[in-house]
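S.K.: Encoded as structure tokens, here's the structure I'll be asking about.
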Amino acid sequence: MKRSLYLSLILLAPLIARDNPFFATYESKKEKITSNCPDNKPQLESINYSLPDQARILKEVTFTIQNLDGSIETRKIEVDQSIDWHKSLTVSQTKNASYPHSTLDNAGSADFGFIRFDSKGKRLSIKTSDTLIRHFVLSNPNRIVLDFKNTSIFKITKKELGASPYLNVTVGNHGKFIRATITLDGRYSYTLNKTGEFISIICK
């Protein structure tokens with residue numbers, strides 16, 4: 001009798017085993033994989049969301065965003081307010097109150113005589129006959145720094161650009177080179193291209 005019972009259990013075991021023991025049992029336990037390079041997506045204009053007819057209180061709103069480095073994070077906003085389900089919810093972008101004079105549609109320029117900066121949208125054009133030695137970024141505040149071979153002596157000068165993402169430019173002498181510091185309105189990656197006396201910077 002016992003021998004028959006053991007034999008039955010051995011025969012039934014393959015029927016209750018998982019197809020692949022190396023995969024997680026539940027979908028939610030699988031490791032999430034994120035891209036390390038943000039995709040190029042169309043600019044957000046406006047999104048409308050129609051509420052279900054039984055909705056009465058909006059408890060919270062959750063945003064899942066992709067960062068500059070491609071990482072994914074979730075931000076939650078507590079609301080806890082009454083709502084009218086007849087009216088849809090709208091998500092849109094407006095001007096950042098922290099930068100009232102900075103818009104993507106504006107253009108700006110700053111002329112220092114031996115070097116000139118012209119911005120339009122996310123592109124900054126620079127004209128100078130001086131040789132570019134190096135370029136790098138600094139944070140707090142976010143800045144792009146350009147060093148040029150030039151031994152001229154002059155006072156540090158700051159001029160406004162006021163066109164997002166480029167707020168202002170400061171140029172100063174550092175002995176064997178001059179440094180141009182471009183202050184940005186946030187954190188960006190950028191590409192730099194040089195052709196003759198022209199340098200082009202595009203923030204992303």
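Identifiers in this document derive from the order of the structure tokens: chains are assigned A, B, ..., residues are numbered from 1 separately in each chain, and ligands are numbered from 1 in order of occurrence.
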Identify, on the basis of only C-alpha atoms, every residue whose closest approach to Leu138 in chain A does not exceed 10 Å; exclude the query and any residue fewer than 3 positions from it along the same chain; express the result as a list of chain:residue names.

M.R.: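 Here the answer would be A:Pro141, A:Asn142, A:Arg143, A:Ile144, A:Val145, A:Thr181, A:Ile182, A:Thr183, A:Arg187.
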
S.K.: Taking only C-alpha atoms into account, name the residue in A:Glu78, A:Glu197, A:Asp69, A:Asp84 that is nearest to Asp130 in chain A.

M.R.: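 Checking each of A:Glu78, A:Glu197, A:Asp69, A:Asp84 against Asp130 in chain A, counting only C-alpha atoms, the winner is A:Glu197.
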
S.K.: So that I can see what lies close to Thr62 in chain A, please list as a ChimeraX atom specification the residues with an atom at most 10 Å from it, counting only C-alpha atoms and leaving out residues fewer than 4 positions away in the same chain.

M.R.: /A:74-78

S.K.: If DSSP is run on the backbone, what residues of range 47-179 of chain A are strand (DSSP E or B)? A reply as a ChimeraX atom specification would be ideal.

M.R.: /A:47-49,57-66,72-82,89-92,107-111,115-120,123-128,131-138,143-149,157-163,166-173,177-179

S.K.: Selection from above, C-alpha atoms, as a short mmCIF file (atom, residue, chain, number, x, y, z; two decimals), in the first residue's frame, can you write it?

M.R.:
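To be explicit, this is the file written out as again.cif:
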data_model
loop_
_atom_site.label_atom_id
_atom_site.label_comp_id
_atom_site.auth_asym_id
_atom_site.auth_seq_id
_atom_site.Cartn_x
_atom_site.Cartn_y
_atom_site.Cartn_z
CA ILE A 47 -3.17 65.62 -21.35
CA ASN A 48 -6.80 65.24 -20.21
CA TYR A 49 -8.04 62.44 -17.96
CA ILE A 57 -12.11 62.50 -3.57
CA LEU A 58 -8.70 62.73 -5.26
CA LYS A 59 -6.28 61.23 -2.74
CA GLU A 60 -2.96 61.51 -4.55
CA VAL A 61 -1.26 61.87 -7.93
CA THR A 62 1.78 59.81 -8.92
CA PHE A 63 4.27 60.77 -11.63
CA THR A 64 6.78 58.30 -13.04
CA ILE A 65 9.62 60.22 -14.70
CA GLN A 66 12.77 59.37 -16.61
CA ILE A 72 13.33 55.91 -13.58
CA GLU A 73 11.84 57.38 -10.40
CA THR A 74 8.37 57.97 -8.98
CA ARG A 75 7.15 61.18 -7.37
CA LYS A 76 3.90 61.22 -5.40
CA ILE A 77 1.79 64.33 -4.67
CA GLU A 78 -0.70 64.16 -1.80
CA VAL A 79 -4.00 65.89 -2.69
CA ASP A 80 -6.90 64.61 -0.53
CA GLN A 81 -9.49 67.04 -1.94
CA SER A 82 -13.06 66.71 -3.20
CA LEU A 89 -8.21 66.51 -14.98
CA THR A 90 -5.62 68.28 -17.12
CA VAL A 91 -1.84 67.91 -17.02
CA SER A 92 0.13 70.61 -18.83
CA ALA A 107 16.73 84.64 -27.72
CA GLY A 108 19.59 86.35 -25.94
CA SER A 109 23.04 87.72 -26.73
CA ALA A 110 26.13 88.87 -24.86
CA ASP A 111 29.01 90.60 -26.63
CA ILE A 115 33.93 86.80 -27.83
CA ARG A 116 30.18 86.86 -28.51
CA PHE A 117 27.38 84.58 -27.29
CA ASP A 118 24.02 84.21 -29.04
CA SER A 119 21.33 81.87 -27.72
CA LYS A 120 18.15 80.65 -29.37
CA ARG A 123 21.34 76.23 -28.89
CA LEU A 124 24.12 78.62 -27.91
CA SER A 125 26.38 80.00 -30.65
CA ILE A 126 29.79 81.41 -29.73
CA LYS A 127 32.10 83.39 -32.00
CA THR A 128 35.75 83.98 -31.08
CA THR A 131 41.59 78.74 -29.19
CA LEU A 132 39.33 76.61 -27.02
CA ILE A 133 41.50 74.76 -24.46
CA ARG A 134 38.86 72.75 -22.58
CA HIS A 135 35.24 72.68 -21.49
CA PHE A 136 33.46 71.05 -18.56
CA VAL A 137 30.46 71.40 -16.26
CA LEU A 138 30.03 72.53 -12.64
CA ARG A 143 27.25 75.87 -15.33
CA ILE A 144 29.15 75.14 -18.53
CA VAL A 145 32.74 76.36 -18.34
CA LEU A 146 34.88 77.18 -21.41
CA ASP A 147 38.57 78.04 -21.21
CA PHE A 148 40.23 79.91 -24.09
CA LYS A 149 43.89 80.68 -24.76
CA THR A 157 32.39 90.89 -16.53
CA LYS A 158 28.93 89.36 -16.32
CA LYS A 159 26.19 89.77 -18.92
CA GLU A 160 22.62 88.42 -19.02
CA LEU A 161 21.28 86.07 -21.66
CA GLY A 162 17.90 85.40 -20.01
CA ALA A 163 16.81 82.77 -22.53
CA TYR A 166 21.12 79.97 -20.68
CA LEU A 167 20.75 82.62 -17.97
CA ASN A 168 24.00 84.60 -18.05
CA VAL A 169 27.68 84.53 -19.03
CA THR A 170 30.64 85.60 -16.90
CA VAL A 171 34.05 86.15 -18.50
CA GLY A 172 37.26 86.60 -16.50
CA ASN A 173 41.06 86.46 -16.86
CA PHE A 177 43.69 81.81 -20.32
CA ILE A 178 40.28 83.41 -20.02
CA ARG A 179 37.29 81.56 -18.62
#

S.K.: Kindly give the distance, in Å, that separates CA of Ser139 in chain A and CA of Thr191 in chain A, rounded to a single decimal.

M.R.: 17.0 Å
